[in-house]
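Here's the structure, in structure tokens; my notes come after.
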Amino acid sequence: MGLLSWLILLPFLTALAVVCVPARRWMMIRWIALAGTGLHLILTGIATFRFWGLAMPDVASMKTATLMKLYLVEQVPWFQTLGIQYHVGVDGISMAMVILTSIIIFTGVLASWNVKERTKEFFVLLLTLVTGVFGVFLSFDLFLFFMFYEVAVLPMYLLIGIWGTGPKEYAAMKLTLMLLVGSAFILVGILALYHASGLHTFDLTRLAQVSYSTDLQYWVFPMLFVGFGVLGALYPFHTWSPDGHASAPTAVSMLHAGVLMKLGGYGALRIAVYLLPDGAKDWGLFFMALTTINILYGSFGAIVQKDLKYFTAYSSVSHCGFVLFGVAALNLMGVKGAVIQMFSHGIMTGLFFGLIGMVYGRTHTRMINEMGGLAKVMPWLAVCFYVGGLASLGLPGFSGFVAESHVFLGGFFGNPWTNAVAMKTLTVIATLSIVVTAVYVLRGLARVFQGPIENHHFLELTDATLTEKISTGVLVATLAFAGIMPWFLIDLIESSIMPIINRLHATGTMVAFY
Amino acid sequence: MWMLPELIIIGTAFILLFTDLFLTERRRIVLAPLALFGIAAATAVTLYLMPGQGEMLGGRFAVDSVSWWFKLVFLLSGLLTVAISMDLFDSRVAVKDPNIRARGEFYTILLFSLAGAMYLISARDIVTLYVSLELATIPLYILAAWKRDSLSGEAGLKYVILGALSSGLLLYGLGLMYGLTGETHLDMIGRTMTPAPAFWLAAAMITAGVGFKLTIVPFHMWAAEVYQGAPTPVTAYLSVASKAAGLALMFQLFYRAMGQFLDHWSLPIALFAALTMTLGNVVAVTQQNIKRFMAFSAISQAGYLIMGFLGTSSEGVPAMLFYMLVYIVTNLAVFAVIMFYSNQTGREDIKDYRGLARVNPLVALAMMVGLFSLAGIPPLSGFVGKFFLFSVASKAGFHWLVAVAAVNSTISLYYYLRIVRQMYIEPVGAGDQALTVTPALAITITVTSLSTVVMGILPMFYESVHAQTLTWFLPFIK
């Protein structure tokens, strides 16, 4: 069994190990979970180095390639009669996503150090969920992909329903059902492609060798894009996201907003745009318009929120809009920005939800106007919050800036198939959100952390514990690293984006439109 | 020789009937193991004879690959039904029901119905077909009324009246077919049939008759009351074996006798499928009683099932057979838990299941696995089975139906999650404590829920169905 299979299987094995521990030994359970995710982080590091060594020699040849190249591939036949395989591999985009997920789940376990109610079930479900996420990012057989996709969504119901707060049953049900309706459309699309290709395979790399009829692309593309878009919080299918994130327990919000929402952007790029270039050209502008609404709606929505979690959830809707906006821009710059934004927003929002959980654990309120002056009693958390906030409004030096500048440049450069004026107008409108973001982030931060402490109980509160410091420290460091030295990330993903862009250009030899 | 499994079942039924006469009430405890042994023996013989081909009685009784798989499905559901009913009938329960008695007759009648279903798929003559259908259904009318209280009596009466109506319609259709072709042999009918106006009338009659057995909307009216009123083991048996018998009947008539018109069926079948799954799912949402709930769940499953008939691709047959296999195992896993719960508490409302995950975590897990498999959640076998059916529909070009079906799966998840919510999220009711799981049910629940997982992950089950039945229907479509 190869390295990538271990990456998928390790969280599941950890979950099995947790199952074997009696429920009352919750100390041991969380240590097992931490050890498993820590080991996963190490394995991810090894995989990254090996990937780097294998992929770097191919960078030049990928400039003109129209087919993606996978590394560390493992292929085992599964349901042979339908051409279903266990096919895992990795390219730059999935490598970046695996690194993100591995960091988030490690810090997420640290952030749930204080879950004392039904600890065992909590970690089992959390680790099962993350198994699904790794599976999605690493599988290149559409059947396998779809299977992991649903495995990644379903444990969320119980995680929110049992350990959540507020209207948790409602939020959990809404989230699960909306996401699964999305996946229903994905299923229709996948099956249509399978039968249309005539290759009798679900292998993504082989399905990409066929060019599908324009009619088929025209109706399958929106199905896939909307199906994935539901998970990527595409307007108007984003409504599960604020409720879901606000009700979920800390680690689940981190994982969901940080990683799961990226599955949407990832699928839209990897499957919808890559397999159906003509459909993408037809629908690009439409989805750019929708995501522009996303970006603005999310940021205006965040301004009026009183609950810190809803506040962050709406800001996530806005930021995930950037991801899909970049994808819909259909050029190298935009798509690159989208992938960087997936990574950057994943870390950022993980940090946010982690911090909110820590603050809530102390103040027992998430209402912004009930707080104030918290920086005096919890300076570590306040500093981390500021870093996250500034990254999210796109301050240079953090990854958010790199991502957003790429996305907007991508939108502004346009592409040969879309009306340039319309695209530029949409981009300018979307850019306005930067101002709105600055308004809500700075106002929110000021109300929570600045000013006098009005509630005297707050004076007795303590700053972050060691586990919390490690958890937030790792995330802040990653944000800064990706912001100051973005070329690592860009090098990692760029050569894997080229085939997607090249496939959009019919001849496949033309260099992408910068 | 090909009839050996059926003969073993009938033999066992008679042995049970006569042993019952000579045993004291206390010793009647041996009856259930005896029935289990008989069915297991028949299953073993079936597995041994598979996939041989042959015919008996001048071609009126024949076996081929598909009929073996159907027999396996029937035997498996009979086996599991006996396994989940033995605790109730042997009074190893916390809440006793005085109306449950006469276990000797119960197992005998159950086995007769089982034999009828097995003859049904091997019959090659419309007379044999009709007689075996009646042998399969008439015992079910008796079983539905077994509890002799007002609900169970109503169930039996409603079932017998509507069942008779549907049998009448079917008989009318078969009669017309005989009149049109002058043949009683199904293969001969298939070969000589021409599309006269009377043929379409016959086809409509047959559709109604088959639709009744398979609970296709709008012929589903009987299901909810019968499922709710019948004793729980009978409900379990009805929901799987009666449905499989309906599918077998549909195979016999739609493929064997009317296979050459298969193209024409696609659109009506797609509409029936869409209607069935949507109505079943939407109505299931509002149900409070778990057996009634399972009735609507079963109706919607029939909607997914008949998607396999769409188009003329050869993958439909293995997909339907595999789904049937998955469905009986999964549905009986759920029914085993329902049985366990009503044995121990006497309650059968959805809200009674609250907090089950705290007091009996493993049973709740098995229930959740079963429900998720019914909803089609990967990597459970229900997902794989549905995926293959959806693939058949997609291949036939019915993309809209795939969309309807996939959205319906989500609706179904909503109501399956209602039970999961009661078990996992709601707090334990005051004074609830761990319930005793009897050995028979413990084994049944374990085996069925494990197979639910395994059949979705290991490909060999589907591969062997596929390998044996892929070319089965080619002679009929010409």
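If you're wondering about the labels, chains in the structure tokens are A, B, ... by order shown, residues count from 1 in each chain, ligands from 1 in order shown.
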Determine which residues of chain B sit within 7 Å of chain A, taking into account only C-alpha atoms, and present them as a ChimeraX atom specification.
-> /B:377-379,391,394-395,399,402-403,406-407,410,414,425,459,463
Residues within 10 Å of Ser239 (chain B), only C-alpha atoms, excluding chain neighbours under 2 positions, as a list in words =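 The filter keeps Ser77, Leu214, Thr215, Ala223, Tyr227, Pro233, Val234, Thr235, Ala236, Tyr237, Ala241, Ser242, Lys243, Ala244, Met294, Ala295, Ser297, Ala298, Ile299, Tyr327, Ile328, Asn331, Leu332 and Phe335 of chain B.
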Interatomic distance between CA of Gly166 (chain A) and CA of Phe352 (chain A)?
->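 Pair CA of Gly166 (chain A) / CA of Phe352 (chain A) returns 19.0 Å.
A straight line drawn from CA of Glu426 (chain B) to CA of Leu175 (chain A) is 18.7 Å long.
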Long-range neighbours of region 250-267 of chain B as a PyMOL selection string, 7 Å cut-off, only C-alpha atoms, 2 positions minimum in chain | chain B and resi 121+186-187+189-190+210+246-248+269-271+310-312+473+476-478
Can you pull out every residue within 8 Å of Gly410 (chain A), counting only C-alpha atoms, but drop anything in the same chain fewer than 3 positions away, and send it as a list in words?
->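 Counting only C-alpha atoms, the residues come to Gly326, Ala329, Asn331, Leu332, Met333, Gly334, Val335, Gly337, His406, Val407, Phe413, Gly414 and Tyr514 of chain A.
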Those same residues, written as a CSV table (one decimal), in the first residue's frame with C-alpha atoms?
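Listing of again_38.csv after writing:
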chain,number,residue,atom,x,y,z
A,326,GLY,CA,-11.5,32.9,-9.8
A,329,ALA,CA,-12.7,33.7,-14.7
A,331,ASN,CA,-7.7,32.1,-17.0
A,332,LEU,CA,-4.4,31.1,-15.4
A,333,MET,CA,-4.3,34.1,-13.1
A,334,GLY,CA,-7.8,33.7,-11.8
A,335,VAL,CA,-7.6,29.9,-11.3
A,337,GLY,CA,-5.9,32.9,-7.3
A,406,HIS,CA,-4.6,37.1,-8.3
A,407,VAL,CA,-8.3,36.6,-8.4
A,413,PHE,CA,-7.6,40.3,-17.6
A,414,GLY,CA,-10.6,38.4,-19.0
A,514,TYR,CA,-2.3,36.0,-19.0
Per DSSP on the backbone, what are the alpha helix (DSSP H) residues of region 107-276 of chain B, as a PyMOL selection string?
-> chain B and resi 107-122+126-144+150-181+186-192+197-214+223-229+232-237+243-250+262-276
Need to verify the contact set: Leu365 (chain B), 10 Å, only C-alpha atoms, exclusion of same-chain residues closer than 6 positions in sequence. Can you return it as a short mmCIF file (atom, residue, chain, number, x, y, z; two decimals) with N, CA and C atoms, in the first residue's frame?
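Below is the file result_25.cif, written as the result:
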data_model
loop_
_atom_site.label_atom_id
_atom_site.label_comp_id
_atom_site.auth_asym_id
_atom_site.auth_seq_id
_atom_site.Cartn_x
_atom_site.Cartn_y
_atom_site.Cartn_z
N LEU B 356 -31.65 5.79 22.16
CA LEU B 356 -31.24 4.39 22.02
C LEU B 356 -29.72 4.25 21.92
N ALA B 357 -29.07 5.26 21.31
CA ALA B 357 -27.62 5.17 21.14
C ALA B 357 -26.89 5.21 22.48
N LEU B 371 -30.36 2.22 7.98
CA LEU B 371 -31.10 3.36 7.44
C LEU B 371 -30.28 4.12 6.41
N VAL B 420 -32.43 8.63 13.19
CA VAL B 420 -31.07 8.76 13.70
C VAL B 420 -31.02 9.86 14.76
N MET B 423 -32.33 8.61 17.97
CA MET B 423 -31.43 7.67 18.63
C MET B 423 -30.19 8.35 19.18
N TYR B 424 -29.65 9.31 18.42
CA TYR B 424 -28.33 9.84 18.78
C TYR B 424 -28.37 11.21 19.44
N SER B 449 -26.29 -6.41 9.30
CA SER B 449 -25.67 -5.09 9.14
C SER B 449 -24.24 -5.22 8.63
#
For Gly397 (chain A), which of A:Asn369, A:Thr478, A:Thr292, A:Thr201 is the closest residue, counting only C-alpha atoms?
-> A:Thr478
Which neighbours of Gly232 (chain A) fall inside 9 Å, counting only C-alpha atoms, when residues of the same chain fewer than 4 positions from it are skipped, and could you give them as number ranges by chain?
-> A: 228, 237-238, 260-266, 268, 317, 320-321, 323-324
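The environment of Ser433 (chain A) within 12 Å, counting only C-alpha atoms and disregarding residues fewer than 6 places along the same chain, consists of Thr291, Thr292, Ile293, Asn294, Ile295, Leu296, Tyr297, Gly298, Ser299, Phe300, Gly301, Ala302, Ile303, Ser315, Ser318, His319, Gly321, Phe322, Ser392, Leu393, Gly394, Glu404, Phe408, Leu426, Thr427, Val439, Tyr440 and Val441 of chain A.
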Give me a file of those residues, with C-alpha atoms, as a CSV table (one decimal), in the first residue's frame.
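Output saved as out.csv:
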chain,number,residue,atom,x,y,z
A,291,THR,CA,-20.2,34.8,-7.4
A,292,THR,CA,-20.0,38.6,-7.5
A,293,ILE,CA,-23.3,38.7,-5.7
A,294,ASN,CA,-21.7,36.1,-3.3
A,295,ILE,CA,-18.8,38.3,-2.6
A,296,LEU,CA,-20.8,41.4,-1.9
A,297,TYR,CA,-23.7,39.7,-0.2
A,298,GLY,CA,-21.4,37.9,2.2
A,299,SER,CA,-19.5,41.0,3.2
A,300,PHE,CA,-22.6,43.1,3.6
A,301,GLY,CA,-24.2,40.3,5.5
A,302,ALA,CA,-21.2,40.2,7.9
A,303,ILE,CA,-21.6,43.9,8.7
A,315,SER,CA,-17.4,36.5,5.8
A,318,SER,CA,-17.8,36.2,0.8
A,319,HIS,CA,-14.4,34.7,0.7
A,321,GLY,CA,-17.1,33.6,-3.5
A,322,PHE,CA,-13.6,34.6,-4.5
A,392,SER,CA,-9.0,38.4,5.6
A,393,LEU,CA,-9.2,42.0,4.5
A,394,GLY,CA,-6.2,41.3,2.3
A,404,GLU,CA,-7.3,38.2,-3.8
A,408,PHE,CA,-9.0,40.3,-9.2
A,426,LEU,CA,-18.1,42.5,-12.5
A,427,THR,CA,-14.5,42.5,-11.3
A,439,VAL,CA,-15.3,47.9,7.5
A,440,TYR,CA,-16.7,44.8,9.1
A,441,VAL,CA,-13.4,43.2,10.2
